[in-house]
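Engineer: See run_25.txt below, with compact mmCIF, C-alpha atoms and all ligand atoms.
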```txt
# COMPACT_ATOMS: atom_id res chain seq x y z
CA MET P 1116 13.67 16.28 6.86
CA LYS P 1117 13.82 12.71 5.58
CA VAL P 1118 10.65 10.83 4.66
CA LEU P 1119 10.41 7.07 4.54
CA VAL P 1120 7.69 5.66 2.28
CA ALA P 1121 6.71 1.97 2.24
CA VAL P 1122 5.78 0.59 -1.18
CA LYS P 1123 4.41 -2.90 -1.69
CA ARG P 1124 4.43 -4.97 -4.88
CA VAL P 1125 0.95 -6.40 -5.37
CA VAL P 1126 -1.17 -7.97 -8.10
CA ASP P 1127 -2.11 -5.10 -10.45
CA TYR P 1128 -5.52 -3.64 -9.61
CA ASN P 1129 -6.79 -4.35 -13.15
CA VAL P 1130 -6.10 -8.07 -12.90
CA LYS P 1131 -8.92 -10.41 -11.97
CA VAL P 1132 -7.50 -12.25 -8.98
CA ARG P 1133 -7.60 -16.06 -9.12
CA VAL P 1134 -7.15 -18.57 -6.35
CA LYS P 1135 -4.53 -21.32 -6.73
CA SER P 1136 -6.01 -24.72 -7.51
CA ASP P 1137 -4.85 -26.11 -4.14
CA ASN P 1138 -6.71 -23.27 -2.32
CA THR P 1139 -3.59 -22.19 -0.45
CA ALA P 1140 -3.20 -18.66 -1.82
CA VAL P 1141 -3.89 -16.24 -4.64
CA GLU P 1142 -2.19 -17.07 -7.95
CA THR P 1143 0.73 -14.71 -8.61
CA ALA P 1144 2.63 -16.69 -11.27
CA ASN P 1145 2.50 -14.94 -14.68
CA VAL P 1146 0.30 -12.20 -13.27
CA LYS P 1147 0.98 -8.49 -13.81
CA MET P 1148 2.29 -6.95 -10.61
CA SER P 1149 2.39 -3.24 -9.78
CA MET P 1150 2.86 -0.85 -6.90
CA ASN P 1151 -0.02 -0.92 -4.41
CA PRO P 1152 -2.20 2.08 -5.48
CA PHE P 1153 -2.29 3.61 -1.96
CA ASP P 1154 1.53 3.49 -1.90
CA GLU P 1155 1.70 5.45 -5.16
CA ILE P 1156 -0.39 8.08 -3.38
CA ALA P 1157 2.02 7.92 -0.40
CA ILE P 1158 5.04 8.48 -2.66
CA GLU P 1159 3.27 11.29 -4.53
CA GLU P 1160 2.54 13.03 -1.22
CA ALA P 1161 6.20 12.77 -0.20
CA VAL P 1162 7.24 14.23 -3.56
CA ARG P 1163 4.79 17.11 -3.16
CA LEU P 1164 6.21 17.83 0.32
CA LYS P 1165 9.68 17.85 -1.20
CA GLU P 1166 8.53 20.24 -3.93
CA LYS P 1167 7.17 22.54 -1.19
CA GLY P 1168 10.62 22.52 0.42
CA VAL P 1169 9.45 20.73 3.59
CA VAL P 1170 11.24 17.49 2.79
CA THR P 1171 14.85 17.03 1.71
CA GLU P 1172 15.10 13.30 1.02
CA ILE P 1173 12.59 10.57 0.14
CA ILE P 1174 13.51 6.95 0.83
CA ALA P 1175 11.26 4.26 -0.66
CA VAL P 1176 11.26 0.88 1.08
CA SER P 1177 9.88 -2.38 -0.18
CA CYS P 1178 9.98 -5.76 1.55
CA GLY P 1179 9.71 -8.93 -0.48
CA VAL P 1180 11.10 -10.76 -3.49
CA THR P 1181 13.87 -9.50 -5.84
CA GLN P 1182 11.27 -8.16 -8.30
CA CYS P 1183 10.25 -5.54 -5.70
CA GLN P 1184 13.21 -3.63 -7.15
CA GLU P 1185 10.88 -2.74 -10.05
CA THR P 1186 8.41 -1.26 -7.57
CA LEU P 1187 11.24 0.75 -6.01
CA ARG P 1188 12.35 1.98 -9.45
CA THR P 1189 8.78 3.17 -10.08
CA ALA P 1190 8.84 4.98 -6.73
CA MET P 1191 12.13 6.59 -7.74
CA ALA P 1192 10.67 7.55 -11.13
CA ILE P 1193 7.82 9.32 -9.30
CA GLY P 1194 10.44 11.18 -7.26
CA ALA P 1195 11.94 9.11 -4.42
CA ASP P 1196 15.68 9.78 -4.04
CA ARG P 1197 16.75 6.26 -3.14
CA GLY P 1198 15.38 2.83 -2.46
CA ILE P 1199 15.86 0.09 0.09
CA LEU P 1200 14.79 -3.48 -0.65
CA VAL P 1201 14.53 -5.82 2.29
CA GLU P 1202 14.80 -9.00 0.31
CA CYS P 1203 12.90 -12.04 1.49
CA ILE P 1204 11.34 -14.86 -0.51
CA ASP P 1205 9.08 -16.01 2.30
CA GLU P 1206 5.60 -14.64 2.86
CA LEU P 1207 5.73 -11.41 4.87
CA GLN P 1208 2.82 -10.68 7.14
CA PRO P 1209 2.03 -7.11 8.29
CA LEU P 1210 3.71 -7.64 11.68
CA ALA P 1211 6.95 -8.74 9.98
CA VAL P 1212 6.85 -5.74 7.61
CA ALA P 1213 6.15 -3.41 10.55
CA LYS P 1214 9.19 -4.82 12.40
CA LEU P 1215 11.40 -4.36 9.32
CA LEU P 1216 10.17 -0.79 8.88
CA LYS P 1217 10.74 -0.10 12.58
CA ALA P 1218 14.37 -1.27 12.21
CA LEU P 1219 14.76 1.06 9.21
CA VAL P 1220 13.17 3.95 11.12
CA ASP P 1221 15.77 3.42 13.87
CA LYS P 1222 18.53 3.37 11.24
CA GLU P 1223 17.41 6.26 9.02
CA GLN P 1224 15.68 8.47 11.61
CA PRO P 1225 13.07 9.92 9.21
CA GLY P 1226 10.91 12.87 10.31
CA LEU P 1227 7.87 11.32 8.65
CA ILE P 1228 6.86 7.82 7.58
CA ILE P 1229 4.11 7.45 4.99
CA LEU P 1230 2.44 4.15 4.11
CA GLY P 1231 -0.63 3.23 2.14
CA LYS P 1232 -3.74 2.76 4.25
CA GLN P 1233 -3.95 -0.83 3.03
CA ALA P 1234 -2.47 -3.24 0.56
CA ILE P 1235 -5.02 -4.28 -2.06
CA ASP P 1236 -3.85 -7.90 -1.98
CA ASP P 1237 -4.27 -8.80 1.68
CA ASP P 1238 -6.54 -5.82 2.59
CA CYS P 1239 -5.06 -6.00 6.08
CA ASN P 1240 -4.91 -2.28 6.96
CA GLN P 1241 -2.49 -3.13 9.79
CA THR P 1242 1.11 -2.33 8.90
CA GLY P 1243 1.06 1.44 9.58
CA GLN P 1244 -0.70 0.98 12.90
CA MET P 1245 1.68 -1.80 13.98
CA LEU P 1246 4.71 0.28 12.97
CA ALA P 1247 3.47 3.27 14.98
CA ALA P 1248 3.00 1.02 18.02
CA LEU P 1249 6.40 -0.69 17.67
CA ALA P 1250 8.26 2.59 17.06
CA ASP P 1251 6.21 4.39 19.72
CA LEU P 1252 5.29 7.15 17.29
CA PRO P 1253 2.06 9.14 16.86
CA GLN P 1254 -0.05 8.04 13.90
CA VAL P 1255 -2.84 9.29 11.70
CA THR P 1256 -4.49 6.77 9.40
CA CYS P 1257 -6.50 7.29 6.20
CA ALA P 1258 -5.16 10.78 5.49
CA SER P 1259 -6.92 12.89 2.87
CA LYS P 1260 -4.84 16.05 3.44
CA VAL P 1261 -1.39 16.57 4.98
CA GLU P 1262 0.25 19.86 5.94
CA VAL P 1263 3.66 19.95 7.60
CA ALA P 1264 4.99 22.97 9.52
CA ASP P 1265 6.97 23.71 12.70
CA GLY P 1266 7.71 20.10 13.54
CA LYS P 1267 4.05 19.11 13.35
CA ALA P 1268 1.77 17.57 10.77
CA SER P 1269 -1.83 18.64 10.45
CA VAL P 1270 -3.68 15.72 8.91
CA THR P 1271 -7.28 15.57 7.74
CA ARG P 1272 -8.94 12.17 7.61
CA GLU P 1273 -12.31 11.10 6.36
CA VAL P 1274 -14.61 9.78 9.04
CA ASP P 1275 -18.27 8.75 8.98
CA GLY P 1276 -20.28 11.79 7.98
CA GLY P 1277 -17.40 14.24 7.56
CA ALA P 1278 -13.74 14.93 8.10
CA GLU P 1279 -11.58 15.35 11.19
CA THR P 1280 -8.28 17.19 11.36
CA LEU P 1281 -5.62 16.01 13.78
CA SER P 1282 -2.27 17.48 14.72
CA VAL P 1283 0.67 15.19 15.43
CA THR P 1284 4.21 15.95 16.51
CA LEU P 1285 6.87 14.66 14.13
CA PRO P 1286 8.25 12.08 13.69
CA ALA P 1287 4.94 10.39 12.98
CA VAL P 1288 3.36 7.67 10.88
CA ILE P 1289 0.73 8.67 8.32
CA THR P 1290 -1.24 6.28 6.11
CA ALA P 1291 -2.58 7.54 2.79
CA ASP P 1292 -6.20 7.30 1.66
CA LEU P 1293 -7.50 7.50 -1.89
CA ARG P 1294 -8.38 11.20 -1.90
CA LEU P 1295 -5.03 12.45 -0.57
CA ASN P 1296 -3.81 13.23 -4.10
CA GLU P 1297 -3.74 11.98 -7.66
CA PRO P 1298 -0.32 10.48 -8.44
CA ARG P 1299 1.50 11.93 -11.44
CA TYR P 1300 2.23 9.91 -14.55
CA VAL P 1301 5.71 8.48 -14.66
CA THR P 1302 7.58 9.98 -17.61
CA LEU P 1303 10.21 8.18 -19.68
CA PRO P 1304 13.04 10.60 -18.74
CA ASN P 1305 12.20 10.03 -15.07
CA ILE P 1306 12.20 6.25 -15.58
CA MET P 1307 15.69 6.59 -17.08
CA LYS P 1308 16.86 8.83 -14.22
CA ALA P 1309 15.44 6.37 -11.67
CA LYS P 1310 17.71 3.63 -13.01
CA LYS P 1311 20.73 5.58 -11.74
CA LYS P 1312 19.39 6.27 -8.26
CA PRO P 1313 20.88 4.24 -5.35
CA LEU P 1314 19.11 1.02 -4.35
CA GLU P 1315 20.33 -0.77 -1.25
CA ILE P 1316 19.52 -4.43 -0.71
CA LEU P 1317 19.29 -5.81 2.82
CA LYS P 1318 18.15 -9.08 4.33
CA PRO P 1319 15.83 -9.25 7.37
CA ALA P 1320 18.79 -10.70 9.34
CA ASP P 1321 20.84 -7.54 8.58
CA LEU P 1322 18.16 -5.64 10.49
CA GLY P 1323 17.96 -8.29 13.22
CA VAL P 1324 14.31 -9.04 12.47
CA ASP P 1325 12.60 -12.43 12.69
CA VAL P 1326 10.02 -12.43 9.89
CA ALA P 1327 8.52 -15.86 10.59
CA PRO P 1328 4.75 -15.83 9.96
CA ARG P 1329 2.60 -15.66 13.09
CA ILE P 1330 -0.66 -16.43 11.32
CA LYS P 1331 -1.41 -19.58 9.33
CA THR P 1332 -3.67 -19.37 6.28
CA LEU P 1333 -6.02 -22.32 6.40
CA LYS P 1334 -7.83 -21.88 3.12
CA VAL P 1335 -8.32 -19.34 0.34
CA SER P 1336 -11.43 -19.66 -1.82
CA GLU P 1337 -13.17 -17.68 -4.54
CA PRO P 1338 -16.53 -16.05 -3.80
CA PRO P 1339 -19.52 -18.21 -4.81
CA LYS P 1340 -20.34 -17.91 -8.51
CA ARG P 1341 -23.29 -15.66 -9.30
CA SER P 1342 -26.05 -17.44 -11.15
CA ALA P 1343 -26.90 -16.07 -14.59
CA GLY P 1344 -29.56 -13.36 -14.85
CA ILE P 1345 -32.69 -13.60 -16.99
CA LYS P 1346 -34.47 -11.19 -19.30
CA VAL P 1347 -38.12 -10.49 -18.60
CA PRO P 1348 -40.49 -9.49 -21.41
CA ASP P 1349 -42.26 -6.65 -19.59
CA VAL P 1350 -42.65 -4.72 -16.35
CA ALA P 1351 -45.64 -6.77 -15.22
CA THR P 1352 -43.55 -9.98 -15.31
CA LEU P 1353 -40.71 -8.23 -13.51
CA VAL P 1354 -43.02 -7.08 -10.72
CA ALA P 1355 -44.60 -10.54 -10.49
CA LYS P 1356 -41.17 -12.18 -10.20
CA LEU P 1357 -39.98 -9.69 -7.58
CA LYS P 1358 -43.17 -10.35 -5.61
CA ASN P 1359 -43.59 -14.10 -5.95
CA GLU P 1360 -40.07 -15.48 -6.56
CA ALA P 1361 -37.59 -13.02 -5.05
CA LYS P 1362 -40.17 -11.95 -2.45
CA VAL P 1363 -38.60 -8.51 -2.14
CA ILE P 1364 -41.72 -6.42 -2.72
P1 LIG P 1401 -1.46 -3.80 4.91
O1 LIG P 1401 -1.37 -3.58 6.38
O2 LIG P 1401 -0.90 -5.12 4.47
O3 LIG P 1401 -2.85 -3.56 4.36
O4 LIG P 1401 -0.50 -2.71 4.21
C1 LIG P 1401 -0.58 -1.33 4.53
C2 LIG P 1401 0.61 -0.59 3.96
O5 LIG P 1401 1.82 -1.10 4.54
C3 LIG P 1401 0.83 -0.72 2.45
O6 LIG P 1401 0.02 0.19 1.74
C4 LIG P 1401 2.32 -0.40 2.34
O7 LIG P 1401 2.55 1.00 2.42
C5 LIG P 1401 2.89 -1.05 3.61
N1 LIG P 1401 3.35 -2.42 3.32
C6 LIG P 1401 2.72 -3.59 3.58
N2 LIG P 1401 3.45 -4.65 3.17
C7 LIG P 1401 4.58 -4.13 2.61
C8 LIG P 1401 5.74 -4.69 2.00
N3 LIG P 1401 5.90 -6.01 1.86
N4 LIG P 1401 6.72 -3.84 1.56
C9 LIG P 1401 6.58 -2.50 1.70
N5 LIG P 1401 5.50 -1.92 2.26
C10 LIG P 1401 4.52 -2.71 2.72
```
What is this file in structure tokens?

Structural biologist:
Amino acid sequence: MKVLVAVKRVVDYNVKVRVKSDNTAVETANVKMSMNPFDEIAIEEAVRLKEKGVVTEIIAVSCGVTQCQETLRTAMAIGADRGILVECIDELQPLAVAKLLKALVDKEQPGLIILGKQAIDDDCNQTGQMLAALADLPQVTCASKVEVADGKASVTREVDGGAETLSVTLPAVITADLRLNEPRYVTLPNIMKAKKKPLEILKPADLGVDVAPRIKTLKVSEPPKRSAGIKVPDVATLVAKLKNEAKVI
């Protein structure tokens, strides 16, 4: 069975995100970029399924600028067999990515498609759901455990106050949550091996997809600055301030 995994290049999770001075977007120039953390978990899960003998081939897909090739190489160093870059310099919104992935699902016919539950840059949490709808496939979001057997996936997901386990018939779309697994460290030999793995580059037009944005960003702004804290000399002053100034007790 083939697995398709979507990996997005985003601002590294350790970087303090800054807004561009013209308030149009987040600053990405000269900023460290990495694979979206949930997508690393998605790739790791695919690799574990391959190690269990359930999966035969892992295809990593990234949509975006040329540098997304680095993200694909990381995916291949974790264990993906090949990569596909859908190259596009324009902004790609979740609907556009979902359409591109749907076209690749039609082309590659994977038995399973794994995405991250959300991209940490736009926090949309939409692409997996949109893909499942467009491709008319069953979906389970926010997976914390995945077991594949007999053409079905049994997927546990965290819900308020507990966990629920769902069974879906394959092919299906699964989105990965934080507790699904802990991705392995990428080793140097695997980074070297990944350089030799096949990486196909396509354009949205090759897949017949119109990626024009459907949503217009009006303004991006930083959260209001927190005012500086103060030190109080003793507990009595603290209690007095909480009572009289903050009025919380
Ligand atoms: P989002 O709906 O934007 O929060 O993204 C959810 C998931 O969709 C991500 O974790 C990725 O697996 C996938 N995804 C979103 N955008 C892209 C992209 N440009 N290239 C590849 N995968 C993407």

Engineer: Pull the neighbourhood of (12.9, 12.9, 6.8) for me: all residues within 8 Å in file coordinates, counting only C-alpha atoms, as an NGL selection string.

Structural biologist: :P and (1116-1119 or 1170-1173 or 1224-1228)

Engineer: Kindly work out which residues sit at most 7 Å from ligand LIG 1401 (chain P), using all atoms listed in the file, and give the list as a PyMOL selection string.

Structural biologist: chain P and resi 1120-1124+1151+1153-1154+1176-1179+1207+1209+1212+1230-1235+1237-1243

Engineer: Extract, using only C-alpha atoms, all DNA, RNA and protein residues at most 9 Å from Gln1244 in chain P, discarding same-chain residues fewer than 2 positions from it, and format them as an MDAnalysis selection string.

Structural biologist: chainID P and resid 1213 1240:1242 1246:1249 1254:1256 1288 1290

Engineer: Might you pull out every residue within 9 Å of Ala1250 in chain P, with all atoms listed in the file counted and same-chain residues fewer than 4 positions away left off, and present them as a list in words?

Structural biologist: Lys1214, Lys1217, Ala1218, Val1220, Asp1221, Met1245 and Leu1246 of chain P

Engineer: Given the choices P:Ile1199, P:Cys1183, P:Ala1175, P:Ile1204, which gets closest to Val1126 in chain P if the distance is worked out from only C-alpha atoms?

Structural biologist: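 Once distances to Val1126 in chain P are computed over only C-alpha atoms, the minimum belongs to P:Cys1183.
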
Engineer: So that I can check the surroundings of Val1169 in chain P, please list as an NGL selection string every protein, DNA and RNA residue that reaches within 12 Å of it, counting all atoms listed in the file and ignoring chain neighbours fewer than 6 positions away.

Structural biologist: :P and (1116-1118 or 1160-1163 or 1226-1227 or 1261-1268)

Engineer: Name the closest residue to Glu1206 in chain P among the candidates P:Lys1318, P:Arg1329, P:Lys1165, P:Lys1260; distances are taken between atoms, counting only C-alpha atoms.

Structural biologist: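 The shortest atom-to-atom distance to Glu1206 in chain P comes from P:Arg1329.
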
Engineer: So the first atom is CA of Tyr1300 in chain P and the second is CA of Ile1156 in chain P; what is the distance between them in Å, to one decimal place?

Structural biologist: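 That distance, rounded to one decimal, is 11.6 Å.
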
Engineer: What is the CA of Ile1330 in chain P to CA of Gln1208 in chain P distance in Å?

Structural biologist: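 Answer for the CA of Ile1330 in chain P to CA of Gln1208 in chain P separation: 7.9 Å.
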
Engineer: Could you tell me how far CA of Thr1181 in chain P lies from CA of Glu1155 in chain P, in Å and to one decimal?

Structural biologist: 19.3 Å

Engineer: Please list as a ChimeraX atom specification every residue within 10 Å of Lys1312 in chain P, counting only C-alpha atoms and excluding residues in the same chain fewer than 6 positions away.

Structural biologist: /P:1188,1191-1192,1195-1198

Engineer: With C-alpha atoms retained, could you export that selection as a PDB file, in the frame of the given file?

Structural biologist:
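Result file follows (out37.pdb):
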```
ATOM      1  CA  ARG P1188      12.350   1.980  -9.450  1.00  0.00           C
ATOM      2  CA  MET P1191      12.130   6.590  -7.740  1.00  0.00           C
ATOM      3  CA  ALA P1192      10.670   7.550 -11.130  1.00  0.00           C
ATOM      4  CA  ALA P1195      11.940   9.110  -4.420  1.00  0.00           C
ATOM      5  CA  ASP P1196      15.680   9.780  -4.040  1.00  0.00           C
ATOM      6  CA  ARG P1197      16.750   6.260  -3.140  1.00  0.00           C
ATOM      7  CA  GLY P1198      15.380   2.830  -2.460  1.00  0.00           C
TER       8      GLY P1198
END
```

Engineer: Report as a list in words all protein, DNA and RNA residues lying within 8 Å of Val1134 in chain P, evaluated on all atoms listed in the file, omitting residues in the same chain fewer than 3 positions from it.

Structural biologist: Asn1138, Thr1139, Ala1140, Val1141, Glu1142, Val1335, Ser1336 and Glu1337 of chain P

Engineer: Smallest atom-to-atom distance to Ala1327 in chain P: which of P:Asp1236, P:Glu1315, P:Asp1137, P:Asp1205, using all atoms listed in the file?

Structural biologist: P:Asp1205
